[in-house]
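Undergrad: Sharing my_file_3.pdb here; it has PDB, C-alpha atoms.
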```
MODEL        1
ATOM      1  CA  MET A   1    -264.616 -27.909  20.586  1.00  0.00           C
ATOM      2  CA  ASP A   2    -265.339 -31.590  20.733  1.00  0.00           C
ATOM      3  CA  GLU A   3    -262.148 -33.620  21.054  1.00  0.00           C
ATOM      4  CA  ARG A   4    -262.660 -36.942  19.362  1.00  0.00           C
ATOM      5  CA  LYS A   5    -259.874 -39.363  18.806  1.00  0.00           C
ATOM      6  CA  LEU A   6    -259.718 -41.502  15.754  1.00  0.00           C
ATOM      7  CA  ILE A   7    -258.011 -44.792  16.483  1.00  0.00           C
ATOM      8  CA  PHE A   8    -257.001 -46.980  13.603  1.00  0.00           C
ATOM      9  CA  ASN A   9    -254.405 -49.597  12.821  1.00  0.00           C
ATOM     10  CA  LEU A  10    -251.482 -47.973  11.018  1.00  0.00           C
ATOM     11  CA  GLN A  11    -250.089 -51.388  10.174  1.00  0.00           C
ATOM     12  CA  LEU A  12    -252.758 -51.697   7.513  1.00  0.00           C
ATOM     13  CA  PHE A  13    -250.903 -49.052   5.512  1.00  0.00           C
ATOM     14  CA  ALA A  14    -247.485 -50.671   5.831  1.00  0.00           C
ATOM     15  CA  GLN A  15    -245.928 -52.754   3.089  1.00  0.00           C
ATOM     16  CA  ASP A  16    -246.681 -56.455   3.129  1.00  0.00           C
ATOM     17  CA  GLU A  17    -244.059 -58.879   4.363  1.00  0.00           C
ATOM     18  CA  PRO A  18    -242.476 -61.089   1.684  1.00  0.00           C
ATOM     19  CA  GLU A  19    -244.138 -64.467   1.260  1.00  0.00           C
ATOM     20  CA  GLY A  20    -243.111 -67.016   3.854  1.00  0.00           C
ATOM     21  CA  GLN A  21    -241.789 -64.367   6.275  1.00  0.00           C
ATOM     22  CA  GLU A  22    -244.976 -63.238   7.955  1.00  0.00           C
ATOM     23  CA  LYS A  23    -244.723 -62.301  11.592  1.00  0.00           C
ATOM     24  CA  THR A  24    -246.593 -64.111  14.301  1.00  0.00           C
ATOM     25  CA  PRO A  25    -248.951 -62.082  16.503  1.00  0.00           C
ATOM     26  CA  GLU A  26    -246.398 -62.237  19.352  1.00  0.00           C
ATOM     27  CA  GLU A  27    -243.682 -60.706  17.138  1.00  0.00           C
ATOM     28  CA  GLU A  28    -246.006 -57.971  15.881  1.00  0.00           C
ATOM     29  CA  ASP A  29    -246.814 -56.891  19.418  1.00  0.00           C
ATOM     30  CA  GLY A  30    -243.130 -56.937  20.351  1.00  0.00           C
ATOM     31  CA  GLY A  31    -243.972 -59.408  23.102  1.00  0.00           C
ATOM     32  CA  GLY A  32    -241.803 -62.236  21.819  1.00  0.00           C
ATOM     33  CA  GLU A  33    -238.758 -63.547  23.554  1.00  0.00           C
ATOM     34  CA  PRO A  34    -236.158 -60.945  24.422  1.00  0.00           C
ATOM     35  CA  GLU A  35    -233.188 -60.800  22.104  1.00  0.00           C
ATOM     36  CA  GLU A  36    -229.989 -62.470  23.185  1.00  0.00           C
ATOM     37  CA  PRO A  37    -227.301 -60.090  24.443  1.00  0.00           C
ATOM     38  CA  GLN A  38    -224.777 -59.146  21.815  1.00  0.00           C
ATOM     39  CA  LYS A  39    -221.498 -61.015  21.883  1.00  0.00           C
ATOM     40  CA  ASP A  40    -219.316 -57.916  21.467  1.00  0.00           C
ATOM     41  CA  LYS A  41    -220.531 -56.246  24.666  1.00  0.00           C
ATOM     42  CA  LYS A  42    -218.024 -56.442  27.499  1.00  0.00           C
ATOM     43  CA  SER A  43    -219.172 -57.618  30.888  1.00  0.00           C
ATOM     44  CA  PHE A  44    -217.482 -56.461  34.058  1.00  0.00           C
ATOM     45  CA  THR A  45    -216.922 -58.276  37.307  1.00  0.00           C
ATOM     46  CA  GLN A  46    -217.512 -56.533  40.607  1.00  0.00           C
ATOM     47  CA  GLU A  47    -213.741 -56.157  41.018  1.00  0.00           C
ATOM     48  CA  ASP A  48    -213.484 -54.418  37.617  1.00  0.00           C
ATOM     49  CA  VAL A  49    -216.282 -52.029  38.536  1.00  0.00           C
ATOM     50  CA  ASP A  50    -214.642 -51.322  41.908  1.00  0.00           C
ATOM     51  CA  LYS A  51    -211.315 -50.533  40.199  1.00  0.00           C
ATOM     52  CA  ILE A  52    -212.963 -48.218  37.667  1.00  0.00           C
ATOM     53  CA  ILE A  53    -214.916 -46.395  40.350  1.00  0.00           C
ATOM     54  CA  GLY A  54    -211.841 -46.214  42.571  1.00  0.00           C
ATOM     55  CA  LYS A  55    -209.777 -44.618  39.805  1.00  0.00           C
ATOM     56  CA  ALA A  56    -212.534 -42.112  39.001  1.00  0.00           C
ATOM     57  CA  TYR A  57    -212.941 -41.272  42.692  1.00  0.00           C
ATOM     58  CA  ALA A  58    -209.190 -40.814  43.155  1.00  0.00           C
ATOM     59  CA  LYS A  59    -209.077 -38.473  40.161  1.00  0.00           C
ATOM     60  CA  TRP A  60    -212.037 -36.468  41.476  1.00  0.00           C
ATOM     61  CA  GLN A  61    -210.504 -36.319  44.954  1.00  0.00           C
ATOM     62  CA  LYS A  62    -207.201 -35.054  43.529  1.00  0.00           C
ATOM     63  CA  GLN A  63    -209.048 -32.340  41.599  1.00  0.00           C
ATOM     64  CA  GLN A  64    -210.936 -31.303  44.730  1.00  0.00           C
ATOM     65  CA  GLU A  65    -207.737 -31.137  46.799  1.00  0.00           C
ATOM     66  CA  LYS A  66    -206.092 -29.046  44.101  1.00  0.00           C
ATOM     67  CA  ALA A  67    -209.064 -26.667  44.029  1.00  0.00           C
ATOM     68  CA  VAL A  68    -209.057 -26.338  47.837  1.00  0.00           C
ATOM     69  CA  SER A  69    -205.319 -25.669  47.975  1.00  0.00           C
ATOM     70  CA  GLU A  70    -205.677 -23.081  45.196  1.00  0.00           C
ATOM     71  CA  ALA A  71    -208.509 -21.387  47.090  1.00  0.00           C
ATOM     72  CA  GLU A  72    -206.413 -21.331  50.277  1.00  0.00           C
ATOM     73  CA  ARG A  73    -203.463 -19.889  48.379  1.00  0.00           C
ATOM     74  CA  LEU A  74    -205.643 -17.171  46.854  1.00  0.00           C
ATOM     75  CA  ALA A  75    -207.144 -16.385  50.272  1.00  0.00           C
ATOM     76  CA  LYS A  76    -203.696 -15.641  51.671  1.00  0.00           C
ATOM     77  CA  MET A  77    -202.928 -13.153  48.886  1.00  0.00           C
ATOM     78  CA  THR A  78    -203.696  -9.488  48.921  1.00  0.00           C
ATOM     79  CA  GLU A  79    -206.328  -8.096  46.564  1.00  0.00           C
ATOM     80  CA  GLU A  80    -203.686  -6.804  44.172  1.00  0.00           C
ATOM     81  CA  GLU A  81    -201.873 -10.170  44.073  1.00  0.00           C
ATOM     82  CA  ARG A  82    -205.183 -11.954  43.423  1.00  0.00           C
ATOM     83  CA  GLN A  83    -205.946  -9.624  40.539  1.00  0.00           C
ATOM     84  CA  ARG A  84    -202.500 -10.283  39.031  1.00  0.00           C
ATOM     85  CA  GLU A  85    -202.926 -14.032  39.498  1.00  0.00           C
ATOM     86  CA  MET A  86    -206.360 -14.003  37.868  1.00  0.00           C
ATOM     87  CA  SER A  87    -205.007 -11.893  35.016  1.00  0.00           C
ATOM     88  CA  ARG A  88    -202.090 -14.298  34.547  1.00  0.00           C
ATOM     89  CA  LYS A  89    -204.461 -17.279  34.448  1.00  0.00           C
ATOM     90  CA  ARG A  90    -206.696 -15.558  31.905  1.00  0.00           C
ATOM     91  CA  GLU A  91    -203.662 -14.748  29.789  1.00  0.00           C
ATOM     92  CA  GLU A  92    -202.449 -18.376  29.922  1.00  0.00           C
ATOM     93  CA  ASP A  93    -205.901 -19.638  28.985  1.00  0.00           C
ATOM     94  CA  LEU A  94    -206.150 -17.158  26.118  1.00  0.00           C
ATOM     95  CA  THR A  95    -202.695 -18.142  24.838  1.00  0.00           C
ATOM     96  CA  ARG A  96    -203.596 -21.832  25.024  1.00  0.00           C
ATOM     97  CA  ARG A  97    -206.837 -21.246  23.113  1.00  0.00           C
ATOM     98  CA  GLU A  98    -205.108 -19.168  20.449  1.00  0.00           C
ATOM     99  CA  ALA A  99    -202.501 -21.886  19.985  1.00  0.00           C
ATOM    100  CA  GLU A 100    -205.239 -24.503  19.606  1.00  0.00           C
ATOM    101  CA  ILE A 101    -207.073 -22.401  17.025  1.00  0.00           C
ATOM    102  CA  ALA A 102    -203.855 -21.797  15.105  1.00  0.00           C
ATOM    103  CA  ARG A 103    -203.140 -25.539  15.181  1.00  0.00           C
ATOM    104  CA  ARG A 104    -206.597 -26.311  13.786  1.00  0.00           C
ATOM    105  CA  GLU A 105    -206.163 -23.761  11.006  1.00  0.00           C
ATOM    106  CA  LEU A 106    -202.730 -25.146  10.115  1.00  0.00           C
ATOM    107  CA  ARG A 107    -204.164 -28.655  10.060  1.00  0.00           C
ATOM    108  CA  ALA A 108    -206.969 -27.565   7.722  1.00  0.00           C
ATOM    109  CA  GLN A 109    -204.462 -25.888   5.400  1.00  0.00           C
ATOM    110  CA  ALA A 110    -202.217 -28.955   5.563  1.00  0.00           C
ATOM    111  CA  LEU A 111    -205.118 -31.225   4.606  1.00  0.00           C
ATOM    112  CA  GLU A 112    -205.855 -28.998   1.606  1.00  0.00           C
ATOM    113  CA  THR A 113    -202.192 -29.044   0.581  1.00  0.00           C
ATOM    114  CA  LEU A 114    -201.984 -32.823   0.947  1.00  0.00           C
ATOM    115  CA  ALA A 115    -205.133 -33.276  -1.105  1.00  0.00           C
ATOM    116  CA  GLY A 116    -203.769 -30.930  -3.765  1.00  0.00           C
ATOM    117  CA  LYS A 117    -200.620 -33.026  -4.026  1.00  0.00           C
ATOM    118  CA  SER A 118    -202.646 -36.288  -4.057  1.00  0.00           C
ATOM    119  CA  TYR A 119    -201.190 -37.489  -0.755  1.00  0.00           C
ATOM    120  CA  PRO A 120    -203.340 -39.447   1.703  1.00  0.00           C
ATOM    121  CA  ALA A 121    -205.017 -37.378   4.424  1.00  0.00           C
ATOM    122  CA  GLU A 122    -203.607 -39.714   7.109  1.00  0.00           C
ATOM    123  CA  LEU A 123    -200.216 -38.069   6.599  1.00  0.00           C
ATOM    124  CA  ALA A 124    -201.591 -34.977   8.372  1.00  0.00           C
ATOM    125  CA  ASP A 125    -201.256 -36.835  11.679  1.00  0.00           C
ATOM    126  CA  VAL A 126    -197.444 -36.787  11.503  1.00  0.00           C
ATOM    127  CA  LEU A 127    -196.987 -33.126  10.557  1.00  0.00           C
ATOM    128  CA  ASP A 128    -195.463 -30.438  12.789  1.00  0.00           C
ATOM    129  CA  TYR A 129    -197.992 -27.700  13.582  1.00  0.00           C
ATOM    130  CA  LYS A 130    -195.788 -25.243  15.531  1.00  0.00           C
ATOM    131  CA  ASP A 131    -196.109 -22.575  12.856  1.00  0.00           C
ATOM    132  CA  ALA A 132    -196.784 -22.252   9.130  1.00  0.00           C
ATOM    133  CA  ASP A 133    -193.117 -22.603   8.117  1.00  0.00           C
ATOM    134  CA  SER A 134    -192.520 -25.760  10.138  1.00  0.00           C
ATOM    135  CA  CYS A 135    -195.804 -27.180   8.844  1.00  0.00           C
ATOM    136  CA  ASN A 136    -194.824 -26.566   5.217  1.00  0.00           C
ATOM    137  CA  ALA A 137    -191.352 -27.995   5.839  1.00  0.00           C
ATOM    138  CA  SER A 138    -192.828 -31.124   7.386  1.00  0.00           C
ATOM    139  CA  ILE A 139    -195.250 -31.477   4.450  1.00  0.00           C
ATOM    140  CA  ASP A 140    -192.262 -31.388   2.086  1.00  0.00           C
ATOM    141  CA  LYS A 141    -190.354 -33.981   4.127  1.00  0.00           C
ATOM    142  CA  VAL A 142    -193.335 -36.293   4.444  1.00  0.00           C
ATOM    143  CA  GLY A 143    -194.096 -35.833   0.731  1.00  0.00           C
ATOM    144  CA  LYS A 144    -190.566 -36.851  -0.233  1.00  0.00           C
ATOM    145  CA  ALA A 145    -190.726 -39.888   2.053  1.00  0.00           C
ATOM    146  CA  TRP A 146    -194.129 -40.811   0.595  1.00  0.00           C
ATOM    147  CA  GLN A 147    -192.838 -40.551  -2.982  1.00  0.00           C
ATOM    148  CA  LYS A 148    -189.831 -42.733  -2.116  1.00  0.00           C
ATOM    149  CA  ALA A 149    -192.076 -45.339  -0.516  1.00  0.00           C
ATOM    150  CA  VAL A 150    -194.408 -45.358  -3.514  1.00  0.00           C
ATOM    151  CA  GLN A 151    -191.466 -45.629  -5.921  1.00  0.00           C
ATOM    152  CA  LYS A 152    -189.993 -48.508  -3.924  1.00  0.00           C
ATOM    153  CA  GLY A 153    -193.350 -50.306  -3.923  1.00  0.00           C
ATOM    154  CA  VAL A 154    -193.645 -49.880  -7.683  1.00  0.00           C
ATOM    155  CA  GLU A 155    -190.113 -51.188  -8.210  1.00  0.00           C
ATOM    156  CA  VAL A 156    -190.809 -54.228  -6.041  1.00  0.00           C
ATOM    157  CA  ARG A 157    -193.909 -55.065  -8.047  1.00  0.00           C
ATOM    158  CA  ILE A 158    -192.167 -54.532 -11.362  1.00  0.00           C
ATOM    159  CA  ALA A 159    -189.156 -56.605 -10.300  1.00  0.00           C
ATOM    160  CA  GLY A 160    -191.355 -59.699  -9.871  1.00  0.00           C
ATOM    161  CA  SER A 161    -190.724 -62.819 -11.900  1.00  0.00           C
ATOM    162  CA  THR A 162    -190.014 -62.300 -15.583  1.00  0.00           C
ATOM    163  CA  PRO A 163    -192.653 -63.634 -17.945  1.00  0.00           C
ATOM    164  CA  ARG A 164    -191.870 -66.856 -19.806  1.00  0.00           C
ATOM    165  CA  THR A 165    -191.647 -66.759 -23.561  1.00  0.00           C
ATOM    166  CA  GLY A 166    -193.307 -69.297 -25.754  1.00  0.00           C
ATOM    167  CA  GLY A 167    -195.981 -71.782 -24.925  1.00  0.00           C
ATOM    168  CA  ALA A 168    -195.698 -75.061 -23.117  1.00  0.00           C
ATOM    169  CA  GLY A 169    -191.992 -75.341 -22.465  1.00  0.00           C
ATOM    170  CA  GLY A 170    -190.712 -74.786 -25.999  1.00  0.00           C
ATOM    171  CA  SER A 171    -188.665 -71.978 -27.381  1.00  0.00           C
ATOM    172  CA  ARG A 172    -190.280 -69.252 -29.405  1.00  0.00           C
ATOM    173  CA  PRO A 173    -190.570 -70.092 -33.121  1.00  0.00           C
ATOM    174  CA  LYS A 174    -188.611 -67.925 -35.529  1.00  0.00           C
ATOM    175  CA  ASN A 175    -191.424 -67.419 -37.989  1.00  0.00           C
ATOM    176  CA  LEU A 176    -194.989 -68.432 -38.764  1.00  0.00           C
ATOM    177  CA  GLU A 177    -194.018 -71.348 -41.021  1.00  0.00           C
ATOM    178  CA  THR A 178    -191.951 -73.091 -38.361  1.00  0.00           C
ATOM    179  CA  ALA A 179    -194.703 -72.504 -35.799  1.00  0.00           C
ATOM    180  CA  VAL A 180    -197.299 -74.158 -38.031  1.00  0.00           C
ATOM    181  CA  ALA A 181    -194.905 -77.017 -38.870  1.00  0.00           C
ATOM    182  CA  ASP A 182    -194.142 -77.581 -35.196  1.00  0.00           C
ATOM    183  CA  PHE A 183    -197.844 -77.612 -34.415  1.00  0.00           C
ATOM    184  CA  TYR A 184    -198.624 -80.299 -37.018  1.00  0.00           C
ATOM    185  CA  ASN A 185    -195.550 -82.352 -36.063  1.00  0.00           C
ATOM    186  CA  MET A 186    -196.654 -82.491 -32.424  1.00  0.00           C
ATOM    187  CA  ASN A 187    -200.089 -83.844 -33.371  1.00  0.00           C
TER     188      ASN A 187
ENDMDL
END
```
Would you write the structure of this file as structure tokens?

TA:
Amino acid sequence: MDERKLIFNLQLFAQDEPEGQEKTPEEEDGGGEPEEPQKDKKSFTQEDVDKIIGKAYAKWQKQQEKAVSEAERLAKMTEEERQREMSRKREEDLTRREAEIARRELRAQALETLAGKSYPAELADVLDYKDADSCNASIDKVGKAWQKAVQKGVEVRIAGSTPRTGGAGGSRPKNLETAVADFYNMN
């Protein structure tokens, strides 16, 4: 099969630029001046980089020493002790994972409960996720505190300055006739 390549300018099919904002040939090619660096990017000095690398290296070194000491400790054990140790570690890991899954499930249920009661989802961050009972109890406590805070905010807004009666500094007229008479007497 004959492989022929069709080369054409895709830019012909693009939408036209608005009037007065046409690009120069340098901008179209992308060969214009490089953009200025963004202001919100943080620059580091050599000392900052050295500190960051030093901290990361120290952490890595500590992990390596811990792994070596663990390997030495396991090497000194008998086969039966190693099997028990490995089993214990697997059990701890499994327990930790189960607790994390249970915590996630409780959080999801708590978010549904909060949404059902029209509470903000941010309140889920302060709940107790030990078990379902403590989670529900903490939802009730947080809900009561939230209602009190909302009520207090409403009372503060309502207790603002009392509205003035009447118009420009006068007292309120007793009836329509006196209001009309007062109006014509002022003019």

Undergrad: Just the number, please: distance in Å from CA of Val126 (chain A) to CA of Arg157 (chain A), one decimal.

TA: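 Calculated distance between CA of Val126 (chain A) and CA of Arg157 (chain A) is 27.0 Å.
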
Undergrad: Quick one: pull the distance between CA of Gly143 (chain A) and CA of Leu123 (chain A), Å, one decimal.

TA: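 Between CA of Gly143 (chain A) and CA of Leu123 (chain A) the gap is 8.8 Å.
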
Undergrad: Please, what distance in Å, to one decimal, runs between CA of Ser134 (chain A) and CA of Arg96 (chain A)?

TA: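 Atom-to-atom, CA of Ser134 (chain A) to CA of Arg96 (chain A), that is 19.0 Å.
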
Undergrad: Starting from the shown file, work through the PyMOL selection byres ((chain A and resi 105-112) around 12) and note down what comes out as an MDAnalysis selection string.

TA: chainID A and resid 98:104 113:140 142:143
